[in-house]
$ cat work00.csv   # CSV, C-alpha atoms
chain,number,residue,atom,x,y,z
A,1,MET,CA,-309.7,99.3,-306.4
A,2,TYR,CA,-311.4,96.1,-305.2
A,3,ASP,CA,-314.3,96.2,-302.8
A,4,GLN,CA,-313.1,97.3,-299.4
A,5,LYS,CA,-315.3,94.7,-297.7
A,6,GLY,CA,-313.6,91.9,-299.6
A,7,SER,CA,-310.8,91.4,-297.1
A,8,SER,CA,-311.3,90.6,-293.4
A,9,HIS,CA,-307.6,90.0,-293.0
A,10,PRO,CA,-306.1,91.6,-289.8
A,11,LEU,CA,-303.7,93.4,-292.2
A,12,GLY,CA,-306.6,94.4,-294.5
A,13,LYS,CA,-305.7,98.1,-294.3
A,14,VAL,CA,-302.3,97.3,-295.7
A,15,ILE,CA,-303.9,95.3,-298.5
A,16,LEU,CA,-306.2,98.1,-299.4
A,17,ARG,CA,-303.3,100.6,-299.4
A,18,MET,CA,-301.4,98.4,-301.8
A,19,GLU,CA,-304.4,97.9,-304.1
A,20,ALA,CA,-304.7,101.7,-304.2
A,21,GLY,CA,-301.1,102.0,-305.3
A,22,GLY,CA,-299.3,102.2,-301.9
A,23,ALA,CA,-296.8,100.0,-300.3
A,24,LEU,CA,-296.4,97.8,-297.2
A,25,LEU,CA,-294.7,100.8,-295.5
A,26,PRO,CA,-297.0,103.9,-295.0
A,27,ASP,CA,-296.0,106.9,-296.9
A,28,GLY,CA,-294.6,109.9,-295.1
A,29,SER,CA,-291.7,112.4,-295.2
A,30,ASP,CA,-289.8,110.7,-292.4
A,31,ASN,CA,-290.2,107.2,-293.7
A,32,LEU,CA,-289.1,108.4,-297.1
A,33,MET,CA,-286.1,110.2,-295.8
A,34,GLU,CA,-285.1,107.1,-293.7
A,35,VAL,CA,-285.6,104.6,-296.5
A,36,VAL,CA,-283.7,106.6,-299.1
A,37,GLY,CA,-280.9,107.6,-296.8
A,38,VAL,CA,-280.3,104.1,-295.5
A,39,LEU,CA,-280.4,102.6,-299.0
A,40,LYS,CA,-277.8,105.1,-300.0
A,41,SER,CA,-275.5,103.8,-297.3
A,42,TYR,CA,-276.5,100.2,-298.1
A,43,GLY,CA,-275.7,100.7,-301.8
A,44,VAL,CA,-272.2,101.8,-300.9
A,45,VAL,CA,-271.7,98.8,-298.6
A,46,LEU,CA,-273.2,96.4,-301.2
A,47,ASP,CA,-270.7,97.6,-303.7
A,48,ALA,CA,-267.9,96.4,-301.4
A,49,TYR,CA,-269.8,93.2,-300.6
A,50,TRP,CA,-270.4,92.0,-304.2
A,51,ARG,CA,-266.9,92.7,-305.3
A,52,ASN,CA,-265.5,90.6,-302.4
A,53,LEU,CA,-268.0,87.8,-303.0
A,54,LEU,CA,-267.0,87.5,-306.7
A,55,TYR,CA,-263.4,87.7,-305.8
A,56,ILE,CA,-263.8,84.8,-303.4
A,57,ALA,CA,-265.8,82.8,-306.0
A,58,ASP,CA,-263.4,83.6,-308.8
A,59,ARG,CA,-259.9,83.7,-307.2
A,60,GLN,CA,-260.3,81.7,-304.0
A,61,PHE,CA,-261.9,78.6,-305.6
A,62,LEU,CA,-260.8,75.6,-303.5
A,63,VAL,CA,-258.3,77.6,-301.6
A,64,PHE,CA,-258.2,75.5,-298.4
A,65,PHE,CA,-256.9,78.3,-296.0
A,66,PRO,CA,-258.1,81.6,-297.5
A,67,PHE,CA,-256.4,83.8,-294.9
A,68,PHE,CA,-256.6,86.9,-297.1
A,69,LYS,CA,-260.0,86.4,-298.8
A,70,TYR,CA,-261.2,89.7,-297.6
A,71,PHE,CA,-258.4,91.7,-299.1
A,72,ASN,CA,-259.5,91.2,-302.8
A,73,GLY,CA,-256.0,90.3,-303.8
A,74,LYS,CA,-254.4,93.5,-302.4
A,75,VAL,CA,-252.5,92.5,-299.3
A,76,SER,CA,-250.3,95.1,-297.5
A,77,LEU,CA,-249.2,95.8,-294.0
A,78,PRO,CA,-251.4,98.9,-293.6
A,79,LYS,CA,-254.4,97.0,-294.8
A,80,LEU,CA,-253.6,94.1,-292.5
A,81,LEU,CA,-253.3,96.5,-289.5
A,82,ASP,CA,-256.6,98.2,-290.5
A,83,HIS,CA,-258.2,94.7,-290.7
A,84,TRP,CA,-257.0,93.7,-287.2
A,85,ALA,CA,-258.2,97.1,-285.9
A,86,HIS,CA,-261.6,96.5,-287.6
A,87,GLN,CA,-261.2,99.7,-289.7
A,88,ARG,CA,-262.7,97.9,-292.6
A,89,ILE,CA,-265.8,96.6,-294.2
A,90,ASN,CA,-267.2,93.6,-292.4
A,91,TYR,CA,-267.4,91.1,-295.2
A,92,GLU,CA,-268.4,88.4,-292.8
A,93,PHE,CA,-272.0,89.6,-293.1
A,94,SER,CA,-272.1,89.0,-296.8
A,95,GLU,CA,-271.0,85.4,-296.2
A,96,TYR,CA,-273.7,85.1,-293.6
A,97,CYS,CA,-276.3,86.0,-296.2
A,98,MET,CA,-274.7,83.6,-298.7
A,99,LYS,CA,-274.9,80.7,-296.2
A,100,ALA,CA,-278.6,81.5,-295.6
A,101,MET,CA,-279.2,81.2,-299.3
A,102,LEU,CA,-277.1,78.0,-299.5
A,103,TRP,CA,-279.0,76.4,-296.6
A,104,HIS,CA,-282.5,77.4,-297.6
A,105,GLY,CA,-281.8,76.8,-301.3
A,106,ALA,CA,-282.9,78.2,-304.6
A,107,ALA,CA,-285.1,75.7,-306.5
A,108,LYS,CA,-283.7,76.0,-310.1
A,109,LEU,CA,-280.2,76.6,-309.0
A,110,ASP,CA,-280.2,73.6,-306.7
A,111,ALA,CA,-281.7,71.5,-309.4
A,112,TYR,CA,-278.8,72.4,-311.7
A,113,LEU,CA,-276.2,71.9,-308.9
A,114,ASP,CA,-277.7,68.4,-308.3
A,115,SER,CA,-277.5,67.5,-311.9
A,116,PRO,CA,-274.9,65.2,-313.6
A,117,ALA,CA,-274.0,68.2,-315.8
A,118,PHE,CA,-272.7,70.2,-312.8
A,119,ALA,CA,-271.1,67.2,-311.3
A,120,GLU,CA,-269.1,66.7,-314.4
A,121,ARG,CA,-268.1,70.3,-314.7
A,122,ALA,CA,-267.2,70.5,-311.0
A,123,GLU,CA,-265.1,67.4,-311.2
A,124,ARG,CA,-263.0,68.8,-314.1
A,125,ALA,CA,-262.4,72.0,-312.2
A,126,ILE,CA,-261.5,70.1,-309.0
A,127,ARG,CA,-259.1,67.8,-310.8
A,128,ALA,CA,-257.4,70.8,-312.4
A,129,LYS,CA,-257.1,72.7,-309.2
A,130,ILE,CA,-255.6,69.8,-307.1
A,131,LYS,CA,-253.5,68.3,-309.9
A,132,PHE,CA,-250.3,69.1,-308.1
A,133,ASN,CA,-251.6,68.7,-304.6
A,134,PRO,CA,-251.3,65.0,-303.5
A,135,ALA,CA,-252.8,65.6,-300.1
A,136,ALA,CA,-255.9,67.2,-301.7
A,137,GLY,CA,-256.1,64.3,-304.2
A,138,LEU,CA,-256.1,61.8,-301.4
A,139,LEU,CA,-258.8,63.8,-299.6
A,140,HIS,CA,-260.9,63.8,-302.8
A,141,ARG,CA,-260.6,60.0,-303.2
A,142,ILE,CA,-261.5,59.3,-299.5
A,143,PHE,CA,-264.3,61.9,-299.3
A,144,PRO,CA,-265.6,62.3,-302.9
A,145,ASP,CA,-268.5,64.6,-301.9
A,146,PHE,CA,-266.4,67.1,-300.0
A,147,LEU,CA,-264.8,69.2,-302.7
A,148,PRO,CA,-267.9,69.1,-305.0
A,149,GLU,CA,-269.9,70.6,-302.0
A,150,TRP,CA,-267.2,73.3,-301.8
A,151,ALA,CA,-267.7,74.0,-305.5
A,152,ARG,CA,-271.4,74.2,-304.9
A,153,GLN,CA,-270.8,76.8,-302.2
A,154,SER,CA,-268.6,78.8,-304.6
A,155,CYS,CA,-271.6,78.9,-307.0
A,156,TYR,CA,-273.7,80.6,-304.2
A,157,TYR,CA,-270.9,83.1,-303.6
A,158,SER,CA,-271.0,84.0,-307.3
A,159,VAL,CA,-274.8,84.1,-307.5
A,160,LEU,CA,-275.2,86.4,-304.5
A,161,GLY,CA,-272.4,88.6,-305.8
A,162,GLN,CA,-274.1,88.9,-309.2
A,163,PHE,CA,-277.4,89.8,-307.4
A,164,TRP,CA,-275.9,92.5,-305.3
A,165,ARG,CA,-273.9,93.8,-308.3
A,166,VAL,CA,-277.3,94.9,-309.7
A,167,MET,CA,-278.9,96.1,-306.5
A,168,SER,CA,-276.0,98.4,-305.4
A,169,PRO,CA,-276.2,100.9,-308.3
A,170,MET,CA,-280.0,100.6,-308.1
A,171,PHE,CA,-280.0,102.0,-304.6
A,172,LEU,CA,-277.4,104.6,-305.3
A,173,ILE,CA,-279.3,105.9,-308.3
A,174,LEU,CA,-282.4,106.0,-306.1
A,175,SER,CA,-280.6,108.4,-303.8
A,176,ASP,CA,-279.4,110.6,-306.6
A,177,ARG,CA,-283.0,110.8,-307.9
A,178,TYR,CA,-284.2,111.7,-304.4
A,179,ASP,CA,-281.6,114.5,-304.2
A,180,ARG,CA,-282.9,115.8,-307.5
A,181,GLY,CA,-286.5,115.9,-306.2
A,182,GLU,CA,-287.6,113.0,-308.5
A,183,ILE,CA,-288.5,110.6,-305.6
A,184,ARG,CA,-291.2,112.2,-303.5
A,185,SER,CA,-293.0,109.3,-301.8
A,186,ILE,CA,-292.7,105.7,-300.7
A,187,PRO,CA,-294.6,104.5,-303.8
A,188,ASP,CA,-292.0,106.3,-305.9
A,189,VAL,CA,-289.3,104.3,-304.1
A,190,VAL,CA,-291.2,101.1,-304.8
A,191,ALA,CA,-291.7,102.0,-308.4
A,192,HIS,CA,-288.0,102.7,-308.8
A,193,ILE,CA,-287.0,99.3,-307.3
A,194,LYS,CA,-289.7,97.4,-309.2
A,195,ASP,CA,-288.6,98.9,-312.5
A,196,GLY,CA,-285.0,98.0,-311.8
A,197,LEU,CA,-285.9,94.4,-310.9
A,198,VAL,CA,-288.0,94.1,-314.1
A,199,GLU,CA,-285.2,95.5,-316.2
A,200,ALA,CA,-282.7,93.1,-314.8
A,201,ALA,CA,-285.1,90.1,-314.6
A,202,ASN,CA,-283.6,88.1,-317.5
A,203,LEU,CA,-279.9,88.8,-316.9
A,204,PRO,CA,-278.2,85.4,-317.1
A,205,LEU,CA,-276.4,84.0,-314.1
A,206,THR,CA,-273.1,82.4,-315.1
A,207,TYR,CA,-270.0,81.4,-313.3
A,208,ALA,CA,-266.5,80.2,-314.4
A,209,VAL,CA,-263.1,79.9,-312.9
A,210,ASP,CA,-259.6,80.2,-314.5
A,211,ILE,CA,-257.1,77.6,-313.3
A,212,ARG,CA,-253.6,77.8,-314.6
A,213,GLY,CA,-254.7,79.5,-317.8
A,214,GLU,CA,-257.6,77.2,-318.5
A,215,HIS,CA,-261.3,78.3,-318.3
A,216,TYR,CA,-263.8,76.1,-316.4
A,217,GLU,CA,-267.4,76.9,-316.6
A,218,LEU,CA,-269.4,75.8,-313.5
A,219,ILE,CA,-272.6,77.6,-314.3
A,220,PRO,CA,-272.9,78.0,-318.1
A,221,ALA,CA,-275.5,80.1,-319.9
A,222,GLU,CA,-277.3,77.0,-321.0
A,223,ALA,CA,-278.2,76.2,-317.4
A,224,GLY,CA,-280.9,78.8,-317.9
A,225,LEU,CA,-280.5,80.7,-314.7
A,226,HIS,CA,-281.6,84.3,-314.5
A,227,PHE,CA,-281.4,87.3,-312.1
A,228,LEU,CA,-285.0,87.6,-310.9
A,229,MET,CA,-286.3,84.1,-310.3
A,230,ASP,CA,-283.0,82.4,-309.5
A,231,ALA,CA,-281.3,85.1,-307.4
A,232,ALA,CA,-283.6,87.9,-306.3
A,233,VAL,CA,-286.6,85.7,-305.3
A,234,PRO,CA,-284.5,83.1,-303.5
A,235,TYR,CA,-282.6,85.9,-301.7
A,236,VAL,CA,-285.9,87.5,-300.5
A,237,GLU,CA,-287.1,84.1,-299.3
A,238,ALA,CA,-283.8,83.1,-297.5
A,239,VAL,CA,-282.7,86.5,-296.1
A,240,PHE,CA,-285.9,88.6,-295.7
A,241,PHE,CA,-288.2,85.8,-294.5
A,242,ARG,CA,-286.4,82.7,-293.2
A,243,SER,CA,-282.7,83.1,-292.3
A,244,PHE,CA,-281.9,81.4,-289.0
A,245,PRO,CA,-281.9,82.3,-285.3
A,246,PHE,CA,-279.0,84.5,-284.0
A,247,MET,CA,-276.8,82.6,-281.6
A,248,GLY,CA,-277.4,83.5,-278.0
A,249,THR,CA,-280.9,85.0,-278.6
A,250,VAL,CA,-283.0,81.8,-279.2
A,251,SER,CA,-282.6,78.4,-277.6
A,252,TYR,CA,-281.1,75.8,-279.9
A,253,ASN,CA,-282.3,73.0,-277.6
A,254,ALA,CA,-284.7,71.0,-279.8
A,255,GLN,CA,-286.5,69.8,-276.7
A,256,ALA,CA,-287.4,73.4,-275.9
A,257,GLY,CA,-289.4,73.5,-279.1
A,258,GLN,CA,-288.4,77.1,-279.8
A,259,ILE,CA,-287.3,76.4,-283.4
A,260,SER,CA,-289.7,74.8,-285.9
A,261,GLU,CA,-288.7,71.4,-287.2
A,262,ASN,CA,-290.0,72.6,-290.6
A,263,GLN,CA,-287.4,74.7,-292.4
A,264,ALA,CA,-290.2,76.4,-294.4
A,265,ASP,CA,-291.7,77.8,-291.1
A,266,PHE,CA,-288.5,79.7,-290.2
A,267,ASN,CA,-289.2,83.4,-289.7
A,268,TYR,CA,-285.9,84.8,-288.5
A,269,GLY,CA,-285.2,87.0,-291.5
A,270,ALA,CA,-284.7,90.7,-291.8
A,271,LEU,CA,-288.4,91.5,-291.9
A,272,TYR,CA,-288.9,89.8,-288.5
A,273,ALA,CA,-285.7,90.5,-286.5
A,274,ASP,CA,-286.0,92.4,-283.3
A,275,PRO,CA,-283.8,95.5,-283.7
A,276,LEU,CA,-283.0,95.9,-280.0
A,277,PRO,CA,-280.2,93.2,-279.9
A,278,ILE,CA,-278.4,95.0,-282.7
A,279,GLY,CA,-275.0,95.9,-281.3
A,280,GLY,CA,-274.8,92.9,-279.1
A,281,SER,CA,-272.1,90.3,-279.4
A,282,GLY,CA,-272.7,87.5,-281.9
A,283,ILE,CA,-275.6,89.3,-283.8
A,284,PRO,CA,-274.7,89.1,-287.5
A,285,PRO,CA,-276.7,92.2,-288.6
A,286,THR,CA,-274.6,94.3,-286.1
A,287,LEU,CA,-271.8,94.0,-288.7
A,288,LEU,CA,-274.0,95.4,-291.5
A,289,MET,CA,-275.3,98.2,-289.3
A,290,GLN,CA,-271.7,99.1,-288.4
A,291,ASP,CA,-270.7,99.2,-292.1
A,292,MET,CA,-273.7,101.4,-293.0
A,293,LYS,CA,-273.0,103.7,-290.0
A,294,GLN,CA,-269.8,104.7,-291.7
A,295,HIS,CA,-271.5,105.7,-294.9
A,296,LEU,CA,-274.7,107.5,-293.8
A,297,PRO,CA,-275.7,110.6,-295.7
A,298,LYS,CA,-275.4,113.7,-293.6
A,299,TYR,CA,-279.2,114.3,-293.4
A,300,LEU,CA,-279.8,110.8,-292.0
A,301,ARG,CA,-277.0,111.0,-289.5
A,302,GLU,CA,-278.3,114.3,-288.2
A,303,TYR,CA,-281.8,112.8,-287.9
A,304,TYR,CA,-280.5,109.9,-285.7
A,305,LEU,CA,-278.4,112.3,-283.6
A,306,GLY,CA,-281.5,114.3,-282.9
A,307,SER,CA,-283.2,111.3,-281.2
A,308,LEU,CA,-283.4,110.6,-277.5
A,309,ARG,CA,-280.2,108.5,-277.3
A,310,GLY,CA,-278.4,110.0,-280.3
A,311,GLU,CA,-275.1,108.2,-281.0
A,312,GLU,CA,-275.6,105.6,-278.3
A,313,ASP,CA,-278.2,103.5,-280.2
A,314,MET,CA,-277.5,104.6,-283.7
A,315,ARG,CA,-277.0,101.0,-284.9
A,316,VAL,CA,-280.5,100.2,-283.6
A,317,GLN,CA,-282.0,103.2,-285.4
A,318,ILE,CA,-280.2,102.2,-288.6
A,319,CYS,CA,-281.7,98.7,-288.2
A,320,VAL,CA,-285.2,100.1,-287.9
A,321,SER,CA,-284.7,102.3,-291.0
A,322,PHE,CA,-283.2,99.3,-292.8
A,323,GLN,CA,-286.2,97.1,-292.0
A,324,LYS,CA,-288.4,99.9,-293.4
A,325,SER,CA,-286.4,99.9,-296.6
A,326,MET,CA,-286.6,96.1,-296.9
A,327,PHE,CA,-290.4,96.3,-296.7
A,328,CYS,CA,-290.2,98.6,-299.8
A,329,VAL,CA,-288.0,96.1,-301.6
A,330,THR,CA,-290.5,93.4,-300.6
A,331,THR,CA,-293.4,95.5,-301.9
A,332,ALA,CA,-291.6,95.8,-305.3
A,333,ALA,CA,-291.1,92.1,-305.4
A,334,MET,CA,-294.7,91.4,-304.5
A,335,LEU,CA,-296.0,93.7,-307.1
A,336,GLY,CA,-293.7,92.3,-309.7
A,337,LEU,CA,-294.8,88.8,-309.0
A,338,ALA,CA,-298.5,89.5,-308.7
A,339,PRO,CA,-300.8,87.4,-311.0
A,340,TYR,CA,-302.1,90.6,-312.6
A,341,PRO,CA,-301.3,94.4,-312.5
A,342,ILE,CA,-302.3,95.8,-309.2
A,343,ASP,CA,-304.4,98.5,-310.9
A,344,THR,CA,-306.4,96.0,-313.0
A,345,ASP,CA,-310.1,96.7,-313.5
A,346,GLY,CA,-311.2,93.1,-314.0
A,347,PRO,CA,-313.1,91.7,-311.1
A,348,ASP,CA,-311.7,88.2,-311.5
A,349,GLN,CA,-308.2,89.6,-311.7
A,350,GLN,CA,-308.8,91.8,-308.7
A,351,ARG,CA,-310.0,88.8,-306.7
A,352,ALA,CA,-306.9,86.8,-307.7
A,353,ASN,CA,-304.7,89.7,-306.6
A,354,ARG,CA,-306.6,90.0,-303.3
A,355,ALA,CA,-306.0,86.3,-302.6
A,356,TYR,CA,-302.4,86.7,-303.5
A,357,LEU,CA,-301.9,89.7,-301.2
A,358,GLU,CA,-303.7,87.9,-298.3
A,359,ASN,CA,-301.3,85.0,-298.6
A,360,TRP,CA,-298.4,87.4,-298.3
A,361,MET,CA,-300.0,89.1,-295.3
A,362,ASP,CA,-300.4,85.7,-293.6
A,363,ARG,CA,-296.6,85.4,-293.8
A,364,LEU,CA,-296.1,88.9,-292.6
A,365,MET,CA,-298.4,88.8,-289.6
A,366,HIS,CA,-295.6,88.3,-287.1
A,367,SER,CA,-293.1,90.4,-288.9
A,368,ARG,CA,-292.3,94.0,-288.0
A,369,LEU,CA,-295.0,95.2,-290.5
A,370,PRO,CA,-297.8,95.7,-287.8
A,371,ALA,CA,-295.4,97.8,-285.8
A,372,PHE,CA,-294.6,100.0,-288.8
A,373,ASN,CA,-298.3,100.4,-289.5
$ encode --input "work00.csv" --output "structure tokens"
Amino acid sequence: MYDQKGSSHPLGKVILRMEAGGALLPDGSDNLMEVVGVLKSYGVVLDAYWRNLLYIADRQFLVFFPFFKYFNGKVSLPKLLDHWAHQRINYEFSEYCMKAMLWHGAAKLDAYLDSPAFAERAERAIRAKIKFNPAAGLLHRIFPDFLPEWARQSCYYSVLGQFWRVMSPMFLILSDRYDRGEIRSIPDVVAHIKDGLVEAANLPLTYAVDIRGEHYELIPAEAGLHFLMDAAVPYVEAVFFRSFPFMGTVSYNAQAGQISENQADFNYGALYADPLPIGGSGIPPTLLMQDMKQHLPKYLREYYLGSLRGEEDMRVQICVSFQKSMFCVTTAAMLGLAPYPIDTDGPDQQRANRAYLENWMDRLMHSRLPAFN
């Protein structure tokens, strides 16, 4: 471990803990139980989310009025009644995350989507899709950038779906290992997630649509996009760190100066969000917490019910546990992207890792991390 006196950072204790093999989140039986339990529920919800995102990308491509996009192609009166009664998964939240990624961007993916190669592929798919739709053809001629932008958004639907398709079983397997007694600490959780990210790092990201029996590739393998750097890292940046303010909680009046003019300075992501508004109208994470509430393992539900307010603020409690779990995921990403192994013995490498961790802590100073420590 590097010299304890080497960091005067306000979060220096967290840095030292990470250098000693720990995580952003302190170890402890309650933290472990909360993190694993909420990730079990999250894994179930993500399984539904990724399937719907890929359905929208693959089967709802350039569908102008996708009234039944949340039905995954299985429309029936009972499902429609359940949908209207909100007895369903809130797929709107998955789209909220997709739009955060689309808005903040992913460097290599955006570079490809801005390229002539994508423009050519998108144009072929668009022309095939609107071939027998004169109104859409006229729209495309008058506004030539509109449908290509729609195709670009479909690519983000697919990329996020492919990312969550890996993360969902990773969290469910974590829960199974916890139940078997194999996961005994927060560092064990981080190691499990880190190993999963490394194993999936080079999985290719591809995307194609079938239109009247013809196959149209929008993101081919030769685009060179891969799971870790082109999906996982942009997702952490866009959803964990940046995101955007919740309507009704922060002024959108530019003259008030409450929102930075610099998009890179946004810090409204999952690691920063105040859990107290969860459950309020118009707060997107409320949808996720409601979904996870329906799939909590028994031990975590009983833990929440034993709190002061019990059922009344369960969504808030889930949000707190969820934030704790996302700090574990962030720890795994930080360790995986560190310039050198965190347990290196080389002084120069230790100094490089220390500077790397301090840069991360600068970004996390105003997150929920100090409260959890």
$ closest_atom_pairs --input "work00.csv" --of "segment 133-187 of chain A" --to "segment 44-64 of chain A" --cutoff "12 Å" --atoms "only C-alpha atoms" --output "tab-separated table"
residue	atom	partner	partner_atom	distance
A:Asn133	CA	A:Phe64	CA	11.3
A:Ala135	CA	A:Phe64	CA	11.4
A:Ala136	CA	A:Phe64	CA	9.2
A:Leu139	CA	A:Phe64	CA	11.8
A:His140	CA	A:Leu62	CA	11.8
A:Phe146	CA	A:Leu62	CA	10.8
A:Leu147	CA	A:Leu62	CA	7.6
A:Pro148	CA	A:Leu62	CA	9.7
A:Glu149	CA	A:Leu62	CA	10.5
A:Trp150	CA	A:Leu62	CA	7.0
A:Ala151	CA	A:Leu62	CA	7.4
A:Arg152	CA	A:Ala57	CA	10.3
A:Gln153	CA	A:Ala57	CA	8.7
A:Ser154	CA	A:Ala57	CA	5.1
A:Cys155	CA	A:Ala57	CA	7.1
A:Tyr156	CA	A:Ala57	CA	8.4
A:Tyr157	CA	A:Leu53	CA	5.6
A:Ser158	CA	A:Leu54	CA	5.3
A:Val159	CA	A:Leu54	CA	8.5
A:Leu160	CA	A:Trp50	CA	7.4
A:Gly161	CA	A:Trp50	CA	4.3
A:Gln162	CA	A:Trp50	CA	6.9
A:Phe163	CA	A:Trp50	CA	8.0
A:Trp164	CA	A:Trp50	CA	5.6
A:Arg165	CA	A:Trp50	CA	5.7
A:Val166	CA	A:Trp50	CA	9.3
A:Met167	CA	A:Leu46	CA	7.8
A:Ser168	CA	A:Leu46	CA	5.4
A:Pro169	CA	A:Asp47	CA	7.9
A:Met170	CA	A:Leu46	CA	10.6
A:Phe171	CA	A:Val44	CA	8.6
A:Leu172	CA	A:Val44	CA	7.4
A:Ile173	CA	A:Val44	CA	11.0
A:Ser175	CA	A:Val44	CA	11.1
$ write_last_selection --input "work00.csv" --atoms "C-alpha atoms" --output "mmCIF file, in the coordinates of the input"
data_model
loop_
_atom_site.group_PDB
_atom_site.id
_atom_site.type_symbol
_atom_site.label_atom_id
_atom_site.label_comp_id
_atom_site.auth_asym_id
_atom_site.auth_seq_id
_atom_site.Cartn_x
_atom_site.Cartn_y
_atom_site.Cartn_z
ATOM 1 C CA ASN A 133 -251.600 68.700 -304.600
ATOM 2 C CA ALA A 135 -252.800 65.600 -300.100
ATOM 3 C CA ALA A 136 -255.900 67.200 -301.700
ATOM 4 C CA LEU A 139 -258.800 63.800 -299.600
ATOM 5 C CA HIS A 140 -260.900 63.800 -302.800
ATOM 6 C CA PHE A 146 -266.400 67.100 -300.000
ATOM 7 C CA LEU A 147 -264.800 69.200 -302.700
ATOM 8 C CA PRO A 148 -267.900 69.100 -305.000
ATOM 9 C CA GLU A 149 -269.900 70.600 -302.000
ATOM 10 C CA TRP A 150 -267.200 73.300 -301.800
ATOM 11 C CA ALA A 151 -267.700 74.000 -305.500
ATOM 12 C CA ARG A 152 -271.400 74.200 -304.900
ATOM 13 C CA GLN A 153 -270.800 76.800 -302.200
ATOM 14 C CA SER A 154 -268.600 78.800 -304.600
ATOM 15 C CA CYS A 155 -271.600 78.900 -307.000
ATOM 16 C CA TYR A 156 -273.700 80.600 -304.200
ATOM 17 C CA TYR A 157 -270.900 83.100 -303.600
ATOM 18 C CA SER A 158 -271.000 84.000 -307.300
ATOM 19 C CA VAL A 159 -274.800 84.100 -307.500
ATOM 20 C CA LEU A 160 -275.200 86.400 -304.500
ATOM 21 C CA GLY A 161 -272.400 88.600 -305.800
ATOM 22 C CA GLN A 162 -274.100 88.900 -309.200
ATOM 23 C CA PHE A 163 -277.400 89.800 -307.400
ATOM 24 C CA TRP A 164 -275.900 92.500 -305.300
ATOM 25 C CA ARG A 165 -273.900 93.800 -308.300
ATOM 26 C CA VAL A 166 -277.300 94.900 -309.700
ATOM 27 C CA MET A 167 -278.900 96.100 -306.500
ATOM 28 C CA SER A 168 -276.000 98.400 -305.400
ATOM 29 C CA PRO A 169 -276.200 100.900 -308.300
ATOM 30 C CA MET A 170 -280.000 100.600 -308.100
ATOM 31 C CA PHE A 171 -280.000 102.000 -304.600
ATOM 32 C CA LEU A 172 -277.400 104.600 -305.300
ATOM 33 C CA ILE A 173 -279.300 105.900 -308.300
ATOM 34 C CA SER A 175 -280.600 108.400 -303.800
#
$ atom_distance --input "work00.csv" --atom1 "atom CA of Lys108 of chain A" --atom2 "atom CA of Ala223 of chain A"
9.1 Å
$ closest_residue --input "work00.csv" --among "A:Ala338, A:Leu228, A:Met18, A:Val36" --to "Arg177 of chain A" --atoms "only C-alpha atoms"
A:Val36
$ residues_around --input "work00.csv" --residues "segment 292-296 of chain A" --least-positions-apart "2" --cutoff "10 Å" --atoms "all atoms listed in the file" --output "ChimeraX atom specification"
/A:37-46,88-89,286-290,298-302,314-315,318-319,322
$ atom_distance --input "work00.csv" --atom1 "atom CA of Tyr70 of chain A" --atom2 "atom CA of Arg212 of chain A"
22.1 Å
$ closest_residue --input "work00.csv" --among "A:Asp265, A:Glu92, A:Asp82, A:Asp27" --to "Ile283 of chain A" --atoms "only C-alpha atoms"
A:Glu92
$ atom_distance --input "work00.csv" --atom1 "atom CA of Leu205 of chain A" --atom2 "atom CA of Gly224 of chain A"
7.9 Å
$ residues_near_point --input "work00.csv" --point "(-292.4, 102.1, -307.8)" --cutoff "10 Å" --atoms "only C-alpha atoms" --output "PDB file with C-alpha atoms, in the coordinates of the input"
ATOM      1  CA  GLY A  21    -301.100 102.000-305.300  1.00  0.00           C
ATOM      2  CA  GLY A  22    -299.300 102.200-301.900  1.00  0.00           C
ATOM      3  CA  ALA A  23    -296.800 100.000-300.300  1.00  0.00           C
ATOM      4  CA  ILE A 183    -288.500 110.600-305.600  1.00  0.00           C
ATOM      5  CA  SER A 185    -293.000 109.300-301.800  1.00  0.00           C
ATOM      6  CA  ILE A 186    -292.700 105.700-300.700  1.00  0.00           C
ATOM      7  CA  PRO A 187    -294.600 104.500-303.800  1.00  0.00           C
ATOM      8  CA  ASP A 188    -292.000 106.300-305.900  1.00  0.00           C
ATOM      9  CA  VAL A 189    -289.300 104.300-304.100  1.00  0.00           C
ATOM     10  CA  VAL A 190    -291.200 101.100-304.800  1.00  0.00           C
ATOM     11  CA  ALA A 191    -291.700 102.000-308.400  1.00  0.00           C
ATOM     12  CA  HIS A 192    -288.000 102.700-308.800  1.00  0.00           C
ATOM     13  CA  ILE A 193    -287.000  99.300-307.300  1.00  0.00           C
ATOM     14  CA  LYS A 194    -289.700  97.400-309.200  1.00  0.00           C
ATOM     15  CA  ASP A 195    -288.600  98.900-312.500  1.00  0.00           C
ATOM     16  CA  GLY A 196    -285.000  98.000-311.800  1.00  0.00           C
ATOM     17  CA  CYS A 328    -290.200  98.600-299.800  1.00  0.00           C
ATOM     18  CA  VAL A 329    -288.000  96.100-301.600  1.00  0.00           C
ATOM     19  CA  THR A 331    -293.400  95.500-301.900  1.00  0.00           C
ATOM     20  CA  ALA A 332    -291.600  95.800-305.300  1.00  0.00           C
ATOM     21  CA  LEU A 335    -296.000  93.700-307.100  1.00  0.00           C
TER      22      LEU A 335
END
$ closest_residue --input "work00.csv" --among "A:Tyr304, A:Ser29, A:Ile219, A:Thr249" --to "Ser115 of chain A" --atoms "only C-alpha atoms"
A:Ile219
$ residues_around --input "work00.csv" --residues "segment 98-106 of chain A" --least-positions-apart "2" --cutoff "6 Å" --atoms "all atoms listed in the file" --output "list of chain:residue names"
A:Glu95, A:Tyr96, A:Lys108, A:Leu109, A:Asp110, A:Pro234, A:Ala238, A:Ser243
